[in-house]
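This is my_file.pdb. It holds PDB, C-alpha atoms and all ligand atoms.
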ATOM      1  CA  MET A   1      -4.736 -72.122 -18.396
ATOM      2  CA  ILE A   2      -4.683 -72.687 -14.647
ATOM      3  CA  HIS A   3      -2.423 -75.543 -13.628
ATOM      4  CA  TYR A   4      -4.033 -76.600 -10.410
ATOM      5  CA  THR A   5      -1.800 -77.613  -7.549
ATOM      6  CA  PRO A   6      -3.804 -77.930  -4.331
ATOM      7  CA  ILE A   7      -2.485 -75.717  -1.534
ATOM      8  CA  ILE A   8      -3.408 -77.038   1.885
ATOM      9  CA  GLN A   9      -2.777 -75.036   5.031
ATOM     10  CA  LYS A  10      -3.291 -76.228   8.586
ATOM     11  CA  ILE A  11      -4.860 -73.831  11.043
ATOM     12  CA  SER A  12      -4.677 -73.970  14.789
ATOM     13  CA  SER A  13      -6.680 -72.621  17.699
ATOM     14  CA  LYS A  14      -7.330 -73.333  21.358
ATOM     15  CA  LEU A  15     -10.637 -74.959  20.451
ATOM     16  CA  LEU A  16      -9.012 -77.330  17.970
ATOM     17  CA  SER A  17      -6.315 -78.464  20.364
ATOM     18  CA  GLU A  18      -8.880 -78.937  23.151
ATOM     19  CA  LYS A  19     -11.014 -81.107  20.894
ATOM     20  CA  GLY A  20      -8.049 -82.863  19.303
ATOM     21  CA  ILE A  21      -9.274 -82.018  15.828
ATOM     22  CA  GLU A  22      -7.035 -81.138  12.921
ATOM     23  CA  VAL A  23      -8.382 -78.564  10.491
ATOM     24  CA  SER A  24      -6.798 -77.849   7.135
ATOM     25  CA  VAL A  25      -7.875 -75.279   4.589
ATOM     26  CA  LEU A  26      -7.819 -75.961   0.857
ATOM     27  CA  ARG A  27      -6.862 -72.549  -0.506
ATOM     28  CA  LEU A  28      -8.789 -72.278  -3.761
ATOM     29  CA  ASP A  29      -8.674 -68.528  -3.152
ATOM     30  CA  LEU A  30      -5.038 -68.690  -4.214
ATOM     31  CA  ILE A  31      -5.324 -70.594  -7.501
ATOM     32  CA  HIS A  32      -5.325 -67.458  -9.643
ATOM     33  CA  PRO A  33      -5.054 -63.725  -8.860
ATOM     34  CA  GLN A  34      -8.399 -62.910 -10.529
ATOM     35  CA  ILE A  35     -10.268 -66.148 -11.247
ATOM     36  CA  SER A  36     -10.483 -67.159  -7.650
ATOM     37  CA  GLY A  37     -11.872 -70.240  -6.062
ATOM     38  CA  ASN A  38     -14.428 -72.739  -7.197
ATOM     39  CA  LYS A  39     -15.608 -70.625 -10.134
ATOM     40  CA  TRP A  40     -12.695 -71.695 -12.297
ATOM     41  CA  PHE A  41     -13.594 -75.367 -11.876
ATOM     42  CA  LYS A  42     -17.164 -74.660 -12.941
ATOM     43  CA  LEU A  43     -16.077 -72.694 -16.000
ATOM     44  CA  LYS A  44     -13.278 -74.853 -17.286
ATOM     45  CA  TYR A  45     -15.193 -77.576 -19.185
ATOM     46  CA  ASN A  46     -17.857 -75.103 -20.283
ATOM     47  CA  LEU A  47     -15.288 -72.875 -21.978
ATOM     48  CA  GLU A  48     -13.684 -75.896 -23.602
ATOM     49  CA  GLU A  49     -17.090 -77.036 -24.843
ATOM     50  CA  ALA A  50     -17.830 -73.617 -26.341
ATOM     51  CA  LYS A  51     -14.529 -73.731 -28.201
ATOM     52  CA  LYS A  52     -15.194 -77.282 -29.392
ATOM     53  CA  LYS A  53     -18.542 -76.131 -30.758
ATOM     54  CA  GLY A  54     -16.857 -73.219 -32.496
ATOM     55  CA  VAL A  55     -18.869 -70.633 -30.554
ATOM     56  CA  ASP A  56     -16.849 -67.509 -29.765
ATOM     57  CA  THR A  57     -19.182 -65.863 -27.231
ATOM     58  CA  ILE A  58     -20.220 -66.915 -23.740
ATOM     59  CA  LEU A  59     -23.414 -65.551 -22.218
ATOM     60  CA  THR A  60     -24.151 -65.974 -18.549
ATOM     61  CA  PHE A  61     -26.192 -64.541 -15.677
ATOM     62  CA  GLY A  62     -25.524 -63.061 -12.283
ATOM     63  CA  GLY A  63     -26.172 -60.360  -9.711
ATOM     64  CA  ALA A  64     -24.214 -57.122  -9.561
ATOM     65  CA  PHE A  65     -21.704 -58.525  -7.052
ATOM     66  CA  SER A  66     -21.431 -61.981  -8.559
ATOM     67  CA  ASN A  67     -18.155 -63.864  -8.265
ATOM     68  CA  HIS A  68     -19.303 -65.952 -11.210
ATOM     69  CA  ILE A  69     -19.732 -62.894 -13.457
ATOM     70  CA  HIS A  70     -16.302 -61.628 -12.467
ATOM     71  CA  ALA A  71     -14.605 -64.987 -13.001
ATOM     72  CA  THR A  72     -16.352 -65.547 -16.339
ATOM     73  CA  ALA A  73     -15.211 -62.157 -17.635
ATOM     74  CA  VAL A  74     -11.584 -62.813 -16.729
ATOM     75  CA  ALA A  75     -11.543 -66.438 -17.871
ATOM     76  CA  CYS A  76     -13.137 -65.626 -21.254
ATOM     77  CA  ASN A  77     -10.655 -62.837 -21.732
ATOM     78  CA  GLN A  78      -7.772 -65.238 -21.156
ATOM     79  CA  PHE A  79      -9.406 -67.975 -23.208
ATOM     80  CA  GLY A  80      -9.922 -65.722 -26.245
ATOM     81  CA  LEU A  81     -13.712 -65.774 -25.961
ATOM     82  CA  LYS A  82     -16.143 -62.859 -25.917
ATOM     83  CA  SER A  83     -18.445 -62.617 -22.941
ATOM     84  CA  ILE A  84     -21.859 -61.175 -22.211
ATOM     85  CA  GLY A  85     -23.164 -60.832 -18.647
ATOM     86  CA  VAL A  86     -26.910 -60.562 -18.110
ATOM     87  CA  ILE A  87     -27.096 -58.709 -14.793
ATOM     88  CA  ARG A  88     -29.995 -58.751 -12.372
ATOM     89  CA  GLY A  89     -31.284 -55.494 -10.983
ATOM     90  CA  GLU A  90     -30.954 -51.868 -11.724
ATOM     91  CA  GLN A  91     -28.205 -49.944 -13.377
ATOM     92  CA  GLU A  92     -27.244 -48.097 -10.162
ATOM     93  CA  SER A  93     -24.668 -50.778  -9.359
ATOM     94  CA  GLU A  94     -23.154 -50.670 -12.825
ATOM     95  CA  ASN A  95     -19.974 -49.044 -11.613
ATOM     96  CA  ASN A  96     -19.319 -51.193  -8.562
ATOM     97  CA  SER A  97     -15.958 -52.920  -8.485
ATOM     98  CA  THR A  98     -17.214 -56.345  -9.637
ATOM     99  CA  LEU A  99     -18.888 -54.971 -12.751
ATOM    100  CA  SER A 100     -16.210 -52.396 -13.521
ATOM    101  CA  GLU A 101     -13.638 -55.171 -13.515
ATOM    102  CA  ALA A 102     -15.862 -57.418 -15.633
ATOM    103  CA  ARG A 103     -16.168 -54.608 -18.152
ATOM    104  CA  LYS A 104     -12.432 -54.024 -18.037
ATOM    105  CA  TYR A 105     -11.947 -57.658 -19.101
ATOM    106  CA  GLY A 106     -14.207 -57.071 -22.072
ATOM    107  CA  MET A 107     -17.518 -58.388 -20.797
ATOM    108  CA  GLN A 108     -20.521 -56.746 -22.356
ATOM    109  CA  LEU A 109     -23.075 -56.078 -19.617
ATOM    110  CA  HIS A 110     -26.799 -56.266 -20.185
ATOM    111  CA  PHE A 111     -28.976 -55.126 -17.282
ATOM    112  CA  VAL A 112     -32.423 -56.620 -16.882
ATOM    113  CA  SER A 113     -35.148 -56.005 -14.296
ATOM    114  CA  ARG A 114     -35.615 -58.454 -11.438
ATOM    115  CA  GLU A 115     -38.816 -59.645 -13.121
ATOM    116  CA  ASP A 116     -37.049 -60.377 -16.406
ATOM    117  CA  TYR A 117     -34.138 -61.979 -14.602
ATOM    118  CA  LYS A 118     -36.508 -64.582 -13.179
ATOM    119  CA  ARG A 119     -37.167 -65.684 -16.764
ATOM    120  CA  LYS A 120     -33.486 -66.544 -17.286
ATOM    121  CA  ASN A 121     -34.179 -70.241 -17.825
ATOM    122  CA  GLU A 122     -37.209 -69.733 -20.086
ATOM    123  CA  GLU A 123     -36.879 -70.506 -23.761
ATOM    124  CA  ASP A 124     -38.582 -67.371 -25.052
ATOM    125  CA  PHE A 125     -36.362 -65.162 -22.913
ATOM    126  CA  ILE A 126     -33.279 -66.928 -24.240
ATOM    127  CA  SER A 127     -34.516 -66.506 -27.838
ATOM    128  CA  GLU A 128     -34.905 -62.792 -27.179
ATOM    129  CA  LEU A 129     -31.281 -62.753 -26.063
ATOM    130  CA  LYS A 130     -30.262 -64.685 -29.204
ATOM    131  CA  ASN A 131     -32.042 -62.133 -31.386
ATOM    132  CA  LYS A 132     -30.248 -59.359 -29.606
ATOM    133  CA  PHE A 133     -26.749 -60.812 -29.316
ATOM    134  CA  GLY A 134     -26.500 -63.503 -32.003
ATOM    135  CA  LYS A 135     -25.031 -66.938 -31.371
ATOM    136  CA  PHE A 136     -23.671 -67.705 -27.897
ATOM    137  CA  TYR A 137     -22.842 -70.572 -25.563
ATOM    138  CA  LEU A 138     -25.008 -70.249 -22.483
ATOM    139  CA  ILE A 139     -23.657 -70.922 -19.010
ATOM    140  CA  PRO A 140     -26.388 -70.848 -16.353
ATOM    141  CA  GLU A 141     -26.173 -68.573 -13.298
ATOM    142  CA  GLY A 142     -23.363 -69.665 -10.999
ATOM    143  CA  GLY A 143     -21.980 -72.121 -13.601
ATOM    144  CA  ASP A 144     -24.622 -74.565 -12.441
ATOM    145  CA  ASN A 145     -24.678 -77.307 -15.076
ATOM    146  CA  LEU A 146     -23.231 -80.783 -15.584
ATOM    147  CA  LEU A 147     -19.952 -79.535 -17.015
ATOM    148  CA  GLY A 148     -19.671 -77.201 -14.042
ATOM    149  CA  GLU A 149     -20.178 -80.142 -11.741
ATOM    150  CA  LYS A 150     -17.634 -82.195 -13.654
ATOM    151  CA  GLY A 151     -14.990 -79.522 -13.131
ATOM    152  CA  CYS A 152     -15.691 -79.545  -9.390
ATOM    153  CA  GLU A 153     -14.878 -83.245  -9.219
ATOM    154  CA  GLU A 154     -11.268 -82.123  -9.616
ATOM    155  CA  ILE A 155     -11.167 -79.860  -6.556
ATOM    156  CA  LEU A 156     -10.085 -82.404  -3.944
ATOM    157  CA  PRO A 157      -6.466 -83.518  -3.935
ATOM    158  CA  LYS A 158      -6.261 -87.057  -5.341
ATOM    159  CA  GLU A 159      -4.548 -88.436  -2.279
ATOM    160  CA  ASN A 160      -6.149 -87.305   0.927
ATOM    161  CA  ASP A 161      -7.066 -88.858   4.244
ATOM    162  CA  PHE A 162      -9.566 -86.356   5.608
ATOM    163  CA  ASP A 163     -12.545 -87.679   7.564
ATOM    164  CA  PHE A 164     -14.752 -84.642   7.000
ATOM    165  CA  ILE A 165     -14.845 -82.167   4.157
ATOM    166  CA  PHE A 166     -16.748 -78.891   4.339
ATOM    167  CA  CYS A 167     -17.683 -76.533   1.522
ATOM    168  CA  ALA A 168     -20.006 -73.542   1.111
ATOM    169  CA  CYS A 169     -23.167 -74.065  -0.973
ATOM    170  CA  GLY A 170     -24.938 -71.584  -3.198
ATOM    171  CA  THR A 171     -26.298 -73.379  -6.248
ATOM    172  CA  GLY A 172     -24.823 -76.608  -4.863
ATOM    173  CA  THR A 173     -22.837 -77.328  -8.040
ATOM    174  CA  THR A 174     -19.540 -77.410  -6.197
ATOM    175  CA  PHE A 175     -21.014 -79.632  -3.491
ATOM    176  CA  LYS A 176     -22.394 -82.079  -6.065
ATOM    177  CA  GLY A 177     -19.103 -82.268  -7.918
ATOM    178  CA  ILE A 178     -17.151 -82.873  -4.726
ATOM    179  CA  SER A 179     -19.684 -85.437  -3.506
ATOM    180  CA  LYS A 180     -18.836 -87.526  -6.574
ATOM    181  CA  SER A 181     -15.146 -87.478  -5.769
ATOM    182  CA  ILE A 182     -15.149 -88.403  -2.069
ATOM    183  CA  LYS A 183     -14.264 -91.842  -0.790
ATOM    184  CA  SER A 184     -16.835 -94.045   0.923
ATOM    185  CA  ASN A 185     -15.330 -93.407   4.361
ATOM    186  CA  GLN A 186     -15.410 -89.636   3.951
ATOM    187  CA  LYS A 187     -18.267 -87.352   4.846
ATOM    188  CA  LEU A 188     -19.018 -84.134   2.990
ATOM    189  CA  TYR A 189     -20.965 -81.274   4.551
ATOM    190  CA  GLY A 190     -22.214 -78.369   2.482
ATOM    191  CA  ILE A 191     -22.993 -75.210   4.423
ATOM    192  CA  SER A 192     -25.875 -73.498   2.662
ATOM    193  CA  VAL A 193     -25.687 -69.710   2.434
ATOM    194  CA  LEU A 194     -29.336 -69.532   1.355
ATOM    195  CA  LYS A 195     -32.510 -70.338   3.210
ATOM    196  CA  GLY A 196     -33.819 -73.834   2.444
ATOM    197  CA  GLU A 197     -32.082 -76.950   1.026
ATOM    198  CA  GLY A 198     -31.941 -80.421   2.518
ATOM    199  CA  PRO A 199     -29.900 -83.602   2.819
ATOM    200  CA  LEU A 200     -28.483 -85.382  -0.229
ATOM    201  CA  ASN A 201     -27.279 -88.864   0.593
ATOM    202  CA  SER A 202     -25.712 -90.466   3.610
ATOM    203  CA  ASN A 203     -22.177 -89.485   2.623
ATOM    204  CA  ALA A 204     -22.948 -85.913   1.777
ATOM    205  CA  SER A 205     -25.416 -83.583   3.420
ATOM    206  CA  ILE A 206     -26.329 -79.938   3.360
ATOM    207  CA  ILE A 207     -26.601 -78.016   6.614
ATOM    208  CA  SER A 208     -29.013 -75.096   6.502
ATOM    209  CA  ASP A 209     -28.543 -73.488   9.912
ATOM    210  CA  TYR A 210     -25.852 -70.998   8.967
ATOM    211  CA  HIS A 211     -27.355 -68.675   6.346
ATOM    212  CA  PHE A 212     -27.442 -65.711   8.808
ATOM    213  CA  GLY A 213     -30.693 -64.351   7.422
ATOM    214  CA  GLY A 214     -30.273 -65.427   3.804
ATOM    215  CA  TYR A 215     -28.115 -64.885   0.760
ATOM    216  CA  ALA A 216     -25.691 -61.949   1.125
ATOM    217  CA  LYS A 217     -27.093 -61.124   4.583
ATOM    218  CA  HIS A 218     -25.153 -61.047   7.842
ATOM    219  CA  THR A 219     -25.364 -60.414  11.562
ATOM    220  CA  GLN A 220     -22.909 -58.636  13.838
ATOM    221  CA  GLN A 221     -21.906 -62.051  15.195
ATOM    222  CA  LEU A 222     -20.829 -63.140  11.715
ATOM    223  CA  LEU A 223     -18.871 -59.933  11.144
ATOM    224  CA  ASP A 224     -17.079 -60.344  14.483
ATOM    225  CA  PHE A 225     -16.258 -63.945  13.697
ATOM    226  CA  LYS A 226     -14.889 -63.008  10.275
ATOM    227  CA  THR A 227     -12.618 -60.312  11.682
ATOM    228  CA  ASN A 228     -11.297 -62.579  14.440
ATOM    229  CA  PHE A 229     -10.732 -65.485  12.099
ATOM    230  CA  GLU A 230      -8.846 -63.332   9.613
ATOM    231  CA  ASN A 231      -6.653 -61.806  12.263
ATOM    232  CA  GLU A 232      -5.892 -65.111  13.962
ATOM    233  CA  ASN A 233      -5.171 -67.131  10.841
ATOM    234  CA  ASN A 234      -4.010 -64.543   8.345
ATOM    235  CA  ILE A 235      -6.555 -65.884   5.856
ATOM    236  CA  LEU A 236      -9.136 -63.497   4.406
ATOM    237  CA  LEU A 237     -12.749 -64.642   4.083
ATOM    238  CA  ASP A 238     -15.595 -63.328   1.965
ATOM    239  CA  TYR A 239     -18.893 -62.221   3.514
ATOM    240  CA  VAL A 240     -21.286 -64.238   1.357
ATOM    241  CA  TYR A 241     -19.826 -67.747   1.499
ATOM    242  CA  THR A 242     -16.659 -68.532   3.362
ATOM    243  CA  ALA A 243     -17.328 -66.484   6.526
ATOM    244  CA  LYS A 244     -20.507 -68.531   7.027
ATOM    245  CA  LEU A 245     -18.670 -71.737   6.165
ATOM    246  CA  PHE A 246     -15.882 -71.262   8.687
ATOM    247  CA  PHE A 247     -18.325 -70.059  11.342
ATOM    248  CA  ALA A 248     -20.302 -73.271  10.884
ATOM    249  CA  VAL A 249     -17.190 -75.431  11.124
ATOM    250  CA  GLN A 250     -16.115 -73.753  14.343
ATOM    251  CA  GLU A 251     -19.558 -74.065  15.886
ATOM    252  CA  LEU A 252     -20.046 -77.703  14.891
ATOM    253  CA  ILE A 253     -16.676 -78.530  16.414
ATOM    254  CA  SER A 254     -17.408 -76.638  19.620
ATOM    255  CA  LYS A 255     -20.756 -78.461  19.907
ATOM    256  CA  ASN A 256     -18.967 -81.828  19.578
ATOM    257  CA  ARG A 257     -20.677 -82.639  16.290
ATOM    258  CA  ILE A 258     -17.288 -83.665  14.879
ATOM    259  CA  ALA A 259     -15.627 -86.627  16.580
ATOM    260  CA  ALA A 260     -12.363 -86.111  18.478
ATOM    261  CA  ASN A 261      -9.180 -86.916  16.540
ATOM    262  CA  SER A 262     -10.879 -86.271  13.206
ATOM    263  CA  LYS A 263      -9.120 -84.688  10.281
ATOM    264  CA  VAL A 264     -11.173 -81.953   8.678
ATOM    265  CA  LEU A 265     -10.692 -80.201   5.350
ATOM    266  CA  VAL A 266     -12.446 -76.878   4.743
ATOM    267  CA  ILE A 267     -12.590 -75.628   1.169
ATOM    268  CA  HIS A 268     -11.866 -71.926   0.900
ATOM    269  CA  SER A 269     -13.760 -71.291  -2.307
ATOM    270  CA  GLY A 270     -12.470 -67.730  -2.812
ATOM    271  CA  GLY A 271     -14.894 -64.891  -3.473
ATOM    272  CA  LEU A 272     -12.696 -62.136  -2.089
ATOM    273  CA  GLN A 273     -13.267 -59.901  -5.101
ATOM    274  CA  GLY A 274     -16.788 -59.305  -3.797
ATOM    275  CA  ASN A 275     -15.725 -57.897  -0.448
ATOM    276  CA  SER A 276     -15.184 -54.284  -1.442
ATOM    277  CA  GLY A 277     -18.586 -54.104  -3.151
ATOM    278  CA  TYR A 278     -20.194 -55.767  -0.140
ATOM    279  CA  GLU A 279     -18.535 -53.350   2.260
ATOM    280  CA  GLU A 280     -19.716 -50.409   0.159
ATOM    281  CA  ARG A 281     -23.225 -51.728  -0.027
ATOM    282  CA  TYR A 282     -23.565 -52.236   3.746
ATOM    283  CA  ARG A 283     -21.194 -49.390   4.684
ATOM    284  CA  LEU A 284     -18.919 -51.726   6.633
ATOM    285  CA  ARG A 285     -15.489 -50.685   7.810
ATOM    286  CA  PRO A 286     -13.785 -53.922   8.794
ATOM    287  CA  MET A 287     -10.926 -53.946  11.300
ATOM    288  CA  ARG A 288      -8.226 -55.966   9.721
ATOM    289  CA  ASN A 289      -4.517 -56.475  10.072
ATOM    290  CA  VAL A 290      -4.119 -59.325   7.633
ATOM    291  CA  ASN A 291      -1.148 -59.053   5.363
ATOM    292  CA  ASP A 292      -1.850 -61.699   2.803
ATOM    293  CA  ILE A 293      -4.226 -59.620   0.685
ATOM    294  CA  GLN A 294      -4.572 -61.540  -2.556
ATOM    295  CA  GLY A 295      -5.443 -60.512  -6.062
TER     296      GLY A 295
HETATM  297  C1  LIG B   1     -20.114 -69.273  -5.924
HETATM  298  C2  LIG B   1     -19.428 -69.523  -4.657
HETATM  299  C3  LIG B   1     -19.761 -70.605  -3.832
HETATM  300  C4  LIG B   1     -20.923 -71.498  -4.100
HETATM  301  O1  LIG B   1     -20.723 -72.407  -5.125
HETATM  302  P1  LIG B   1     -21.936 -73.269  -5.681
HETATM  303  O2  LIG B   1     -21.328 -74.194  -6.631
HETATM  304  O3  LIG B   1     -22.865 -72.285  -6.366
HETATM  305  O4  LIG B   1     -22.630 -73.904  -4.561
HETATM  306  C5  LIG B   1     -19.003 -70.825  -2.700
HETATM  307  N1  LIG B   1     -18.006 -69.986  -2.357
HETATM  308  C6  LIG B   1     -17.686 -68.924  -3.103
HETATM  309  C7  LIG B   1     -16.596 -68.050  -2.638
HETATM  310  C8  LIG B   1     -18.378 -68.656  -4.273
HETATM  311  O5  LIG B   1     -18.060 -67.580  -5.007
END
Would you write out, as structure tokens, the structure that this file holds?
Amino acid sequence: MIHYTPIIQKISSKLLSEKGIEVSVLRLDLIHPQISGNKWFKLKYNLEEAKKKGVDTILTFGGAFSNHIHATAVACNQFGLKSIGVIRGEQESENNSTLSEARKYGMQLHFVSREDYKRKNEEDFISELKNKFGKFYLIPEGGDNLLGEKGCEEILPKENDFDFIFCACGTGTTFKGISKSIKSNQKLYGISVLKGEGPLNSNASIISDYHFGGYAKHTQQLLDFKTNFENENNILLDYVYTAKLFFAVQELISKNRIAANSKVLVIHSGGLQGNSGYEERYRLRPMRNVNDIQG
């Protein structure tokens, strides 16, 4: 459905030339106009598995702005599968752009309270959903399962000579998949967008200093960085993941945490569909003169 050809784009800045570091961006945000970024890799083997099992409906979980919900709706639509999204929180966000689009692609939305949403991995809650919706193939929140991880092993280009690879971490599924596909002389850093998390193994570690207050939170400093980055590089970022990721990369380089003459790859995992909902929610009016608006 998506024939993946990695698109790698070099970026430049005064800082990078001063430090003698080469930074390239893996543009997963460009792999598909709607199913952007890492979410496709997490869905791919799950959708195949559902088909193999002869199940025609996917059920999954997410918040009202979830990139995973959006991607699942579009991918199921294209894959000839029905989809059900169990959405956390109240119905007031039911017409935001993420959920309106999901509905447009045929996803049936089922809103549950925050308390019920916490039960999403409990057997009795899942049986209640089975009674209500009939047979379905369940994909956990964020596509966080082994098949999701397996898909993410295919993100890195087969031939690559990067010393450092950076990705954003939510559930960590993408990070785990990539960590299985790096070479022994490569180092993977996951930038956590949530509070908490810790190191994995010596070749791959999670950095927890760049959550900016927690999931889907921000500071003015992050907003300013995002605007500057977008204007300088003509690459749009999302608020929840990639703005924090690129901020972290810049800061680690400026603090000499990355050796001179290194080659760095930063994975742009997409997520741009969430920006308009995020801007509405926080009443942000970003200054932007980027022309390469995707999707
Ligand atoms: C979901 C998402 C992530 C996080 O992926 P995980 O596998 O959950 O860690 C990173 N970036 C973007 C843009 C995302 O939508």
Do you know which residues are at most 12 Å from Asp144 in chain A counting all atoms listed in the file, after dropping those on the same chain fewer than 6 positions away, and could you put them as JSON, numbers by chain?
{"A": [38, 39, 41, 42, 43, 45, 46, 60, 61, 62, 68, 121, 138, 150, 151, 152, 169, 170, 171, 172, 173, 174, 175, 176, 177]}
Specify as a PyMOL selection string each residue included when the PyMOL selection byres (((not hetatm)) within 10 of (chain B and resi 1)) is applied to this file.
chain A and resi 28-29+36-42+65-71+141-145+148-149+152+167-178+190-194+237-245+267-274
Would you kindly translate the PyMOL selection byres (((chain A and resi 6-13) around 7) and not hetatm) into the concrete residues it picks from this file, as a ChimeraX atom specification?
/A:4-5,14-17,23-27,157,233
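Shortest separation to Lys120 in chain A among A:Arg281, A:Asn185, A:Thr219, A:Val86 occurs at residue A:Val86, atoms counted being all atoms listed in the file.
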For the atom pair CA of Phe166 in chain A and CA of Ser184 in chain A, what is the interatomic distance in Å to one decimal place?
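Straight-line distance from CA of Phe166 in chain A to CA of Ser184 in chain A works out to 15.5 Å.
The interatomic distance for the pair CA of Ser262 in chain A and CA of Ile155 in chain A works out to 20.8 Å.
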Find the distance between CA of Leu223 in chain A and CA of Pro286 in chain A and write it in Å to one decimal.
8.2 Å
All residues 9 Å or closer to range 123-135 of chain A, only C-alpha atoms, same chain fewer than 6 positions away omitted, as a ChimeraX atom specification
/A:55-57,84,116
Could you please take those selected residues and save C-alpha atoms as a PDB file, in the coordinates of the input?
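Dumped to again34.pdb:
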ATOM      1  CA  VAL A  55     -18.869 -70.633 -30.554  1.00  0.00           C
ATOM      2  CA  ASP A  56     -16.849 -67.509 -29.765  1.00  0.00           C
ATOM      3  CA  THR A  57     -19.182 -65.863 -27.231  1.00  0.00           C
ATOM      4  CA  ILE A  84     -21.859 -61.175 -22.211  1.00  0.00           C
ATOM      5  CA  ASP A 116     -37.049 -60.377 -16.406  1.00  0.00           C
TER       6      ASP A 116
END
Given the file shown, enumerate the residues that the PyMOL selection byres (((chain A and resi 227) around 9) and not hetatm) captures and present them as a PDB file with C-alpha atoms, keeping the file's coordinate frame.
ATOM      1  CA  LEU A 222     -20.829 -63.140  11.715  1.00  0.00           C
ATOM      2  CA  LEU A 223     -18.871 -59.933  11.144  1.00  0.00           C
ATOM      3  CA  ASP A 224     -17.079 -60.344  14.483  1.00  0.00           C
ATOM      4  CA  PHE A 225     -16.258 -63.945  13.697  1.00  0.00           C
ATOM      5  CA  LYS A 226     -14.889 -63.008  10.275  1.00  0.00           C
ATOM      6  CA  ASN A 228     -11.297 -62.579  14.440  1.00  0.00           C
ATOM      7  CA  PHE A 229     -10.732 -65.485  12.099  1.00  0.00           C
ATOM      8  CA  GLU A 230      -8.846 -63.332   9.613  1.00  0.00           C
ATOM      9  CA  ASN A 231      -6.653 -61.806  12.263  1.00  0.00           C
ATOM     10  CA  GLU A 232      -5.892 -65.111  13.962  1.00  0.00           C
ATOM     11  CA  LEU A 236      -9.136 -63.497   4.406  1.00  0.00           C
ATOM     12  CA  LEU A 237     -12.749 -64.642   4.083  1.00  0.00           C
ATOM     13  CA  PRO A 286     -13.785 -53.922   8.794  1.00  0.00           C
ATOM     14  CA  MET A 287     -10.926 -53.946  11.300  1.00  0.00           C
ATOM     15  CA  ARG A 288      -8.226 -55.966   9.721  1.00  0.00           C
TER      16      ARG A 288
END
For Leu188 in chain A, which residue among A:Val249, A:Ile165, A:Ile207, A:Leu156 is the nearest when counting all atoms listed in the file?
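Between A:Val249, A:Ile165, A:Ile207, A:Leu156, the residue approaching Leu188 in chain A most closely is A:Ile165.
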Taking the point (-13.5, -62.3, -17.6) as given in the file, collect each protein or nucleic acid residue that comes within 10 Å of it, counting all atoms listed in the file, and present the set as a PyMOL selection string.
chain A and resi 34-35+68-85+101-107
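If you count only C-alpha atoms and ignore residues fewer than 5 places along the chain from Gly54 in chain A, what sits within 10 Å of it is A:Glu48, A:Glu49, A:Phe136, A:Tyr137.
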Can I get the selected residues back with C-alpha atoms, as a PDB file, keeping the file's coordinate frame?
ATOM      1  CA  GLU A  48     -13.684 -75.896 -23.602  1.00  0.00           C
ATOM      2  CA  GLU A  49     -17.090 -77.036 -24.843  1.00  0.00           C
ATOM      3  CA  PHE A 136     -23.671 -67.705 -27.897  1.00  0.00           C
ATOM      4  CA  TYR A 137     -22.842 -70.572 -25.563  1.00  0.00           C
TER       5      TYR A 137
END
Write out as AutoDock Vina command-line options an axis-aligned box for range 155-161 of chain A: all of its atoms listed in the file, 5 Å added on each side, centre and edge lengths in Å with one decimal.
--center_x -7.9 --center_y -84.4 --center_z -1.2 --size_x 16.6 --size_y 19.0 --size_z 20.8
Repair of range 273-282 of chain A at the level of N, CA and C atoms, as an mmCIF file, in the coordinates of the input:
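That gives us rebuild19.cif:
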data_model
loop_
_atom_site.group_PDB
_atom_site.id
_atom_site.type_symbol
_atom_site.label_atom_id
_atom_site.label_comp_id
_atom_site.auth_asym_id
_atom_site.auth_seq_id
_atom_site.Cartn_x
_atom_site.Cartn_y
_atom_site.Cartn_z
ATOM 1 N N GLN A 273 -13.034 -61.072 -4.249
ATOM 2 C CA GLN A 273 -13.267 -59.901 -5.101
ATOM 3 C C GLN A 273 -14.560 -59.181 -4.714
ATOM 4 N N GLY A 274 -15.497 -59.900 -4.134
ATOM 5 C CA GLY A 274 -16.788 -59.305 -3.797
ATOM 6 C C GLY A 274 -16.779 -58.469 -2.531
ATOM 7 N N ASN A 275 -15.698 -58.557 -1.752
ATOM 8 C CA ASN A 275 -15.725 -57.897 -0.448
ATOM 9 C C ASN A 275 -15.856 -56.379 -0.531
ATOM 10 N N SER A 276 -15.138 -55.748 -1.449
ATOM 11 C CA SER A 276 -15.184 -54.284 -1.442
ATOM 12 C C SER A 276 -16.577 -53.801 -1.835
ATOM 13 N N GLY A 277 -17.217 -54.462 -2.790
ATOM 14 C CA GLY A 277 -18.586 -54.104 -3.151
ATOM 15 C C GLY A 277 -19.545 -54.337 -1.996
ATOM 16 N N TYR A 278 -19.332 -55.432 -1.277
ATOM 17 C CA TYR A 278 -20.194 -55.767 -0.140
ATOM 18 C C TYR A 278 -20.032 -54.722 0.967
ATOM 19 N N GLU A 279 -18.815 -54.346 1.210
ATOM 20 C CA GLU A 279 -18.535 -53.350 2.260
ATOM 21 C C GLU A 279 -19.149 -51.995 1.902
ATOM 22 N N GLU A 280 -19.099 -51.657 0.611
ATOM 23 C CA GLU A 280 -19.716 -50.409 0.159
ATOM 24 C C GLU A 280 -21.228 -50.467 0.355
ATOM 25 N N ARG A 281 -21.777 -51.586 -0.051
ATOM 26 C CA ARG A 281 -23.225 -51.728 -0.027
ATOM 27 C C ARG A 281 -23.777 -51.638 1.395
ATOM 28 N N TYR A 282 -23.082 -52.256 2.355
ATOM 29 C CA TYR A 282 -23.565 -52.236 3.746
ATOM 30 C C TYR A 282 -22.813 -51.217 4.601
#
